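Okay, structure_37.csv now, which holds CSV, N, CA, C and O atoms:
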```
chain,number,residue,atom,x,y,z
T,236,THR,N,78.7,103.1,70.6
T,236,THR,CA,79.9,102.4,70.0
T,236,THR,C,81.0,103.4,70.2
T,236,THR,O,80.9,104.6,69.9
T,237,VAL,N,82.2,102.9,70.6
T,237,VAL,CA,83.4,103.6,70.7
T,237,VAL,C,84.4,103.0,69.7
T,237,VAL,O,84.6,101.8,69.8
T,238,VAL,N,84.9,103.8,68.8
T,238,VAL,CA,85.8,103.3,67.8
T,238,VAL,C,87.2,103.7,68.2
T,238,VAL,O,87.5,104.9,68.3
T,239,ALA,N,88.1,102.7,68.5
T,239,ALA,CA,89.5,103.0,68.9
T,239,ALA,C,90.4,102.9,67.7
T,239,ALA,O,90.4,102.0,66.9
T,240,ALA,N,91.2,104.0,67.6
T,240,ALA,CA,92.2,104.0,66.5
T,240,ALA,C,93.5,104.5,67.1
T,240,ALA,O,93.5,105.2,68.1
T,241,ASP,N,94.6,104.2,66.4
T,241,ASP,CA,95.9,104.7,66.8
T,241,ASP,C,96.1,106.1,66.3
T,241,ASP,O,95.3,106.7,65.7
T,242,ASP,N,97.3,106.7,66.6
T,242,ASP,CA,97.7,108.1,66.2
T,242,ASP,C,97.6,108.3,64.7
T,242,ASP,O,97.5,109.5,64.3
T,243,HIS,N,97.6,107.3,63.9
T,243,HIS,CA,97.6,107.4,62.5
T,243,HIS,C,96.2,107.1,61.9
T,243,HIS,O,96.0,107.1,60.7
T,244,GLY,N,95.2,106.8,62.8
T,244,GLY,CA,93.8,106.5,62.3
T,244,GLY,C,93.6,105.1,62.0
T,244,GLY,O,92.5,104.7,61.5
T,245,ASP,N,94.5,104.2,62.3
T,245,ASP,CA,94.3,102.8,62.0
T,245,ASP,C,93.6,102.1,63.2
T,245,ASP,O,93.8,102.4,64.3
T,246,ALA,N,92.6,101.2,62.8
T,246,ALA,CA,91.8,100.6,63.8
T,246,ALA,C,92.7,99.8,64.8
T,246,ALA,O,93.7,99.2,64.5
T,247,MET,N,92.2,99.7,66.1
T,247,MET,CA,92.9,99.0,67.1
T,247,MET,C,92.1,97.8,67.6
T,247,MET,O,91.3,98.0,68.6
T,248,PRO,N,92.1,96.7,66.9
T,248,PRO,CA,91.3,95.5,67.3
T,248,PRO,C,91.9,94.9,68.6
T,248,PRO,O,93.1,94.9,68.8
T,249,GLY,N,91.0,94.3,69.3
T,249,GLY,CA,91.4,93.4,70.5
T,249,GLY,C,91.8,94.2,71.7
T,249,GLY,O,92.5,93.6,72.6
T,250,ILE,N,91.5,95.4,71.8
T,250,ILE,CA,91.9,96.2,73.1
T,250,ILE,C,90.6,96.4,73.9
T,250,ILE,O,89.5,96.4,73.4
T,251,THR,N,90.9,96.6,75.2
T,251,THR,CA,89.8,96.8,76.1
T,251,THR,C,89.5,98.3,76.2
T,251,THR,O,90.4,99.1,76.5
T,252,VAL,N,88.2,98.6,76.0
T,252,VAL,CA,87.7,100.0,76.2
T,252,VAL,C,86.9,100.1,77.4
T,252,VAL,O,86.0,99.2,77.6
T,253,SER,N,87.1,101.0,78.3
T,253,SER,CA,86.3,101.2,79.5
T,253,SER,C,85.4,102.4,79.3
T,253,SER,O,85.7,103.4,78.7
T,254,LEU,N,84.2,102.3,79.9
T,254,LEU,CA,83.2,103.3,79.8
T,254,LEU,C,82.7,103.6,81.3
T,254,LEU,O,82.2,102.6,81.9
T,255,ASP,N,82.9,104.8,81.8
T,255,ASP,CA,82.6,105.1,83.2
T,255,ASP,C,81.5,106.2,83.2
T,255,ASP,O,81.7,107.2,82.5
T,256,ALA,N,80.5,106.0,84.0
T,256,ALA,CA,79.5,107.1,84.2
T,256,ALA,C,80.2,108.3,84.9
T,256,ALA,O,80.9,108.0,85.9
T,257,VAL,N,80.0,109.5,84.5
T,257,VAL,CA,80.5,110.7,85.1
T,257,VAL,C,79.6,111.1,86.3
T,257,VAL,O,78.4,111.3,86.0
T,258,GLY,N,80.2,111.1,87.5
T,258,GLY,CA,79.4,111.6,88.6
T,258,GLY,C,78.5,110.6,89.2
T,258,GLY,O,77.7,110.9,90.1
T,259,GLU,N,78.5,109.4,88.7
T,259,GLU,CA,77.6,108.3,89.2
T,259,GLU,C,78.4,107.0,89.2
T,259,GLU,O,79.5,106.9,88.6
T,260,SER,N,77.8,106.0,89.8
T,260,SER,CA,78.5,104.7,89.7
T,260,SER,C,78.1,104.0,88.4
T,260,SER,O,77.0,104.2,87.9
T,261,GLY,N,79.0,103.4,87.8
T,261,GLY,CA,78.7,102.7,86.5
T,261,GLY,C,80.0,102.5,85.8
T,261,GLY,O,80.7,103.5,85.5
T,262,HIS,N,80.4,101.3,85.6
T,262,HIS,CA,81.7,101.0,84.9
T,262,HIS,C,81.4,99.8,84.0
T,262,HIS,O,80.9,98.7,84.4
T,263,LEU,N,81.7,100.0,82.7
T,263,LEU,CA,81.5,98.9,81.7
T,263,LEU,C,82.8,98.7,80.9
T,263,LEU,O,83.5,99.7,80.7
T,264,VAL,N,83.0,97.5,80.4
T,264,VAL,CA,84.2,97.3,79.6
T,264,VAL,C,83.7,96.4,78.4
T,264,VAL,O,82.8,95.7,78.5
T,265,ALA,N,84.4,96.6,77.3
T,265,ALA,CA,84.2,95.9,76.1
T,265,ALA,C,85.5,95.8,75.3
T,265,ALA,O,86.3,96.6,75.4
T,266,THR,N,85.6,94.7,74.5
T,266,THR,CA,86.8,94.5,73.7
T,266,THR,C,86.5,94.9,72.2
T,266,THR,O,85.4,94.6,71.7
T,267,THR,N,87.4,95.7,71.6
T,267,THR,CA,87.1,96.1,70.2
T,267,THR,C,87.2,94.9,69.3
T,267,THR,O,87.9,94.0,69.4
T,268,ASN,N,86.4,95.0,68.2
T,268,ASN,CA,86.4,94.0,67.2
T,268,ASN,C,87.4,94.3,66.1
T,268,ASN,O,88.3,95.2,66.3
T,269,ALA,N,87.4,93.6,65.0
T,269,ALA,CA,88.4,93.7,63.9
T,269,ALA,C,88.5,95.2,63.4
T,269,ALA,O,89.5,95.6,62.8
T,270,ASN,N,87.4,95.9,63.5
T,270,ASN,CA,87.3,97.3,63.0
T,270,ASN,C,87.6,98.3,64.0
T,270,ASN,O,87.5,99.5,63.8
T,271,GLY,N,88.0,97.8,65.2
T,271,GLY,CA,88.3,98.8,66.3
T,271,GLY,C,87.1,99.3,67.1
T,271,GLY,O,87.2,100.2,67.9
T,272,ALA,N,86.0,98.7,66.9
T,272,ALA,CA,84.7,99.2,67.5
T,272,ALA,C,84.4,98.3,68.7
T,272,ALA,O,84.4,97.1,68.7
T,273,ALA,N,84.0,99.0,69.8
T,273,ALA,CA,83.5,98.4,71.0
T,273,ALA,C,82.1,98.9,71.2
T,273,ALA,O,81.9,100.1,71.2
T,274,THR,N,81.2,98.0,71.3
T,274,THR,CA,79.8,98.4,71.4
T,274,THR,C,79.2,98.2,72.8
T,274,THR,O,79.5,97.2,73.5
T,275,PHE,N,78.6,99.2,73.3
T,275,PHE,CA,77.9,99.2,74.6
T,275,PHE,C,76.4,99.4,74.4
T,275,PHE,O,76.0,100.4,73.7
T,276,VAL,N,75.6,98.6,75.0
T,276,VAL,CA,74.2,98.7,74.7
T,276,VAL,C,73.4,99.0,76.0
T,276,VAL,O,73.9,98.8,77.1
T,277,ASN,N,72.3,99.6,75.9
T,277,ASN,CA,71.4,100.0,77.0
T,277,ASN,C,72.0,100.9,78.0
T,277,ASN,O,71.9,100.7,79.2
T,278,LEU,N,72.8,101.9,77.5
T,278,LEU,CA,73.4,102.9,78.4
T,278,LEU,C,72.3,103.8,78.9
T,278,LEU,O,71.4,104.2,78.2
T,279,LYS,N,72.5,104.2,80.2
T,279,LYS,CA,71.6,105.2,80.8
T,279,LYS,C,72.0,106.6,80.1
T,279,LYS,O,73.1,106.8,79.8
T,280,ALA,N,71.0,107.4,80.0
T,280,ALA,CA,71.3,108.8,79.5
T,280,ALA,C,72.2,109.5,80.5
T,280,ALA,O,72.1,109.2,81.7
T,281,GLY,N,73.1,110.3,80.0
T,281,GLY,CA,74.0,111.1,80.9
T,281,GLY,C,75.4,111.2,80.3
T,281,GLY,O,75.6,110.9,79.1
T,282,GLU,N,76.3,111.6,81.1
T,282,GLU,CA,77.7,111.7,80.7
T,282,GLU,C,78.5,110.5,81.0
T,282,GLU,O,78.4,109.9,82.1
T,283,TRP,N,79.3,110.1,80.0
T,283,TRP,CA,80.2,108.9,80.2
T,283,TRP,C,81.6,109.3,79.7
T,283,TRP,O,81.7,110.2,78.9
T,284,GLN,N,82.5,108.6,80.3
T,284,GLN,CA,83.9,108.8,79.8
T,284,GLN,C,84.5,107.5,79.3
T,284,GLN,O,84.4,106.5,80.0
T,285,ALA,N,85.0,107.5,78.1
T,285,ALA,CA,85.6,106.4,77.5
T,285,ALA,C,87.1,106.5,77.5
T,285,ALA,O,87.7,107.5,77.3
T,286,SER,N,87.7,105.3,77.8
T,286,SER,CA,89.2,105.3,77.9
T,286,SER,C,89.7,104.0,77.5
T,286,SER,O,89.0,103.0,77.4
T,287,ALA,N,91.0,104.0,77.2
T,287,ALA,CA,91.7,102.7,76.7
T,287,ALA,C,93.1,102.8,77.2
T,287,ALA,O,93.6,104.0,77.4
T,288,PRO,N,93.8,101.7,77.3
T,288,PRO,CA,95.2,101.8,77.8
T,288,PRO,C,96.1,102.4,76.7
T,288,PRO,O,95.7,102.4,75.5
T,289,SER,N,97.2,102.9,77.1
T,289,SER,CA,98.2,103.4,76.2
T,289,SER,C,99.2,102.3,75.7
T,289,SER,O,99.5,101.4,76.5
T,290,PHE,N,99.6,102.3,74.5
T,290,PHE,CA,100.6,101.3,74.0
T,290,PHE,C,101.9,102.0,73.6
T,290,PHE,O,102.6,101.4,72.9
T,291,GLY,N,102.1,103.2,74.1
T,291,GLY,CA,103.3,103.9,73.9
T,291,GLY,C,103.8,104.6,75.1
T,291,GLY,O,103.4,104.2,76.2
T,292,THR,N,104.6,105.5,75.0
T,292,THR,CA,105.2,106.2,76.2
T,292,THR,C,104.3,107.4,76.6
T,292,THR,O,104.6,107.9,77.7
T,293,GLU,N,103.4,107.8,75.8
T,293,GLU,CA,102.5,108.9,76.2
T,293,GLU,C,101.1,108.3,76.5
T,293,GLU,O,100.7,107.3,75.9
T,294,PRO,N,100.4,108.9,77.5
T,294,PRO,CA,99.1,108.3,77.8
T,294,PRO,C,98.0,108.6,76.8
T,294,PRO,O,98.1,109.5,76.0
T,295,SER,N,97.1,107.7,76.7
T,295,SER,CA,95.9,107.9,75.9
T,295,SER,C,95.0,108.8,76.6
T,295,SER,O,94.9,108.8,77.8
T,296,ARG,N,94.3,109.7,75.9
T,296,ARG,CA,93.5,110.7,76.5
T,296,ARG,C,92.0,110.2,76.5
T,296,ARG,O,91.5,109.9,75.4
T,297,PRO,N,91.4,110.1,77.6
T,297,PRO,CA,90.0,109.7,77.6
T,297,PRO,C,89.1,110.8,77.0
T,297,PRO,O,89.5,111.9,76.8
T,298,ILE,N,87.9,110.4,76.5
T,298,ILE,CA,87.0,111.3,75.9
T,298,ILE,C,85.7,111.2,76.7
T,298,ILE,O,85.3,110.2,77.2
T,299,LYS,N,84.9,112.3,76.7
T,299,LYS,CA,83.6,112.4,77.3
T,299,LYS,C,82.5,112.3,76.3
T,299,LYS,O,82.7,112.9,75.2
T,300,LEU,N,81.5,111.6,76.6
T,300,LEU,CA,80.3,111.4,75.8
T,300,LEU,C,79.1,111.8,76.5
T,300,LEU,O,78.9,111.6,77.7
T,301,LYS,N,78.2,112.5,75.8
T,301,LYS,CA,76.9,112.8,76.3
T,301,LYS,C,75.9,111.9,75.6
T,301,LYS,O,75.7,112.1,74.4
T,302,ILE,N,75.2,111.0,76.3
T,302,ILE,CA,74.3,110.1,75.8
T,302,ILE,C,72.9,110.5,76.1
T,302,ILE,O,72.5,110.8,77.2
T,303,SER,N,72.0,110.7,75.0
T,303,SER,CA,70.6,111.0,75.2
T,303,SER,C,69.8,109.7,75.3
T,303,SER,O,70.2,108.7,74.6
T,304,GLU,N,68.7,109.8,76.0
T,304,GLU,CA,67.9,108.6,76.1
T,304,GLU,C,67.4,108.1,74.7
T,304,GLU,O,66.9,108.9,73.9
T,305,GLY,N,67.6,106.8,74.4
T,305,GLY,CA,67.2,106.2,73.2
T,305,GLY,C,68.1,106.5,72.0
T,305,GLY,O,67.8,106.1,70.9
T,306,ALA,N,69.2,107.3,72.2
T,306,ALA,CA,70.0,107.7,71.1
T,306,ALA,C,71.1,106.6,70.8
T,306,ALA,O,71.5,105.9,71.7
T,307,SER,N,71.6,106.6,69.6
T,307,SER,CA,72.7,105.8,69.2
T,307,SER,C,73.9,106.7,68.9
T,307,SER,O,73.7,107.6,68.0
T,308,GLU,N,75.0,106.6,69.5
T,308,GLU,CA,76.1,107.5,69.3
T,308,GLU,C,77.4,106.7,68.9
T,308,GLU,O,77.5,105.5,69.4
T,309,THR,N,78.2,107.3,68.2
T,309,THR,CA,79.6,106.7,67.8
T,309,THR,C,80.6,107.7,68.2
T,309,THR,O,80.5,108.9,67.8
T,310,ALA,N,81.6,107.3,69.0
T,310,ALA,CA,82.6,108.2,69.5
T,310,ALA,C,84.0,107.6,69.0
T,310,ALA,O,84.1,106.4,68.9
T,311,HIS,N,84.9,108.5,68.7
T,311,HIS,CA,86.2,108.1,68.2
T,311,HIS,C,87.3,108.4,69.3
T,311,HIS,O,87.4,109.5,69.7
T,312,LEU,N,88.0,107.3,69.7
T,312,LEU,CA,89.0,107.4,70.8
T,312,LEU,C,90.3,107.1,70.2
T,312,LEU,O,90.5,106.1,69.5
T,313,VAL,N,91.3,108.1,70.4
T,313,VAL,CA,92.6,107.9,69.9
T,313,VAL,C,93.4,107.2,71.0
T,313,VAL,O,93.5,107.7,72.1
T,314,VAL,N,94.0,106.1,70.6
T,314,VAL,CA,94.8,105.3,71.6
T,314,VAL,C,96.3,105.6,71.3
T,314,VAL,O,96.8,105.4,70.1
T,315,SER,N,97.1,106.0,72.3
T,315,SER,CA,98.5,106.4,72.0
T,315,SER,C,99.3,105.1,71.8
T,315,SER,O,99.3,104.2,72.5
T,316,THR,N,100.0,105.2,70.7
T,316,THR,CA,101.0,104.1,70.3
T,316,THR,C,102.4,104.8,70.1
T,316,THR,O,103.3,104.1,69.8
T,317,ARG,N,102.4,106.0,70.3
T,317,ARG,CA,103.7,106.8,70.1
T,317,ARG,C,104.7,106.5,71.1
T,317,ARG,O,104.4,106.6,72.3
T,318,ILE,N,105.9,106.2,70.7
T,318,ILE,CA,107.0,106.0,71.7
T,318,ILE,C,108.0,107.2,71.5
T,318,ILE,O,108.5,107.4,70.4
T,319,VAL,N,108.2,107.9,72.6
T,319,VAL,CA,109.1,109.0,72.5
T,319,VAL,C,110.3,108.7,73.4
T,319,VAL,O,110.1,108.4,74.6
T,320,ASP,N,111.5,108.7,72.8
T,320,ASP,CA,112.7,108.4,73.5
T,320,ASP,C,113.5,109.7,73.6
T,320,ASP,O,113.4,110.6,72.7
T,321,SER,N,114.1,109.9,74.7
T,321,SER,CA,115.0,111.1,74.9
T,321,SER,C,116.4,110.6,75.3
T,321,SER,O,116.5,109.6,76.0
T,322,VAL,N,117.3,111.4,74.8
T,322,VAL,CA,118.7,111.1,75.2
T,322,VAL,C,119.3,112.3,75.8
T,322,VAL,O,119.2,113.4,75.2
T,323,ARG,N,119.9,112.2,76.9
T,323,ARG,CA,120.6,113.3,77.6
T,323,ARG,C,122.1,113.3,77.2
T,323,ARG,O,122.8,112.3,77.4
T,324,ILE,N,122.6,114.4,76.6
T,324,ILE,CA,124.0,114.5,76.2
T,324,ILE,C,124.6,115.4,77.2
T,324,ILE,O,124.2,116.5,77.4
T,325,LYS,N,125.7,114.9,77.7
T,325,LYS,CA,126.5,115.8,78.7
T,325,LYS,C,127.7,116.3,78.0
T,325,LYS,O,128.3,115.8,77.2
```

Output the structure of this file as structure tokens.
Amino acid sequence: TVVAADDHGDAMPGITVSLDAVGESGHLVATTNANGAATFVNLKAGEWQASAPSFGTEPSRPIKLKISEGASETAHLVVSTRIVDSVRIK
């Protein structure tokens, strides 16, 4: 399970979370529920990278997960919602 939250820790329901196998082929996607959780079942053991789109001006940072055979893991992914504006004064 990957739990997606914004920069303030609030759940991000209805967003797409991607899970990619590191160093192998394998790409999965799931949509977060009302609690911001996206569940992936029957994952192969190994390293995976979870990512989600940014909803701000700064990119969301993917996280790496190490999944053991038969294990159940929960990872927390911070999704950027921060908007940074800059003004150039001459």

Notebook entry, point to check: With distances taken over only N, CA, C and O atoms, which of T:Leu263, T:Ile324, T:Ala280, T:Val237 is nearest to T:Thr309?
Noted result: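 Among the listed residues, T:Val237 lies closest to T:Thr309.
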
Next item on the list: Name the residues in contact with T:Trp283 at a cut-off of 5 Å, using all atoms listed in the file, excluding same-chain residues fewer than 4 positions from it; report them as number ranges by chain.
Entry: T: 255-257, 298-301

Notebook entry, point to check: Which is closer to T:Ser303 than all the others in T:Arg317, T:His262, T:Lys279, T:Arg323, using only C-alpha atoms?
Noted result: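 Of all the options, T:Lys279 lies closest to T:Ser303.
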
Next item on the list: Check the smallest atom-to-atom distance from each of T:Gly249, T:Val238, T:Ile302, T:Gly244 to T:Asn277 using only C-alpha atoms, then report the winner.
Entry: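 The shortest atom-to-atom distance to T:Asn277 comes from T:Ile302.
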
Item checked: Best match for closeness to T:Gly261 among T:Thr236, T:Thr274, T:Thr316, T:Gln284, counting all atoms listed in the file ->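 Closest to T:Gly261 of all the choices is T:Gln284.
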
Next item on the list: Mind checking which residues fall within 6 Å of T:Met247, counting only N, CA, C and O atoms, ignoring those fewer than 5 positions away in the same chain, and posting them as a PyMOL selection string?
Entry: chain T and resi 239-241+267-272

Next item on the list: Report the distance between atom N of T:Ser260 and atom O of T:Glu282 in Å, rounded to one decimal place.
Entry: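 One can read the atom N of T:Ser260 to atom O of T:Glu282 distance as 8.7 Å.
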
Item checked: Point-to-point distance from atom CA of T:Ile318 to atom CA of T:Pro288, Å rounded to tenths ->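 Computing it gives 13.9 Å between the two atoms.
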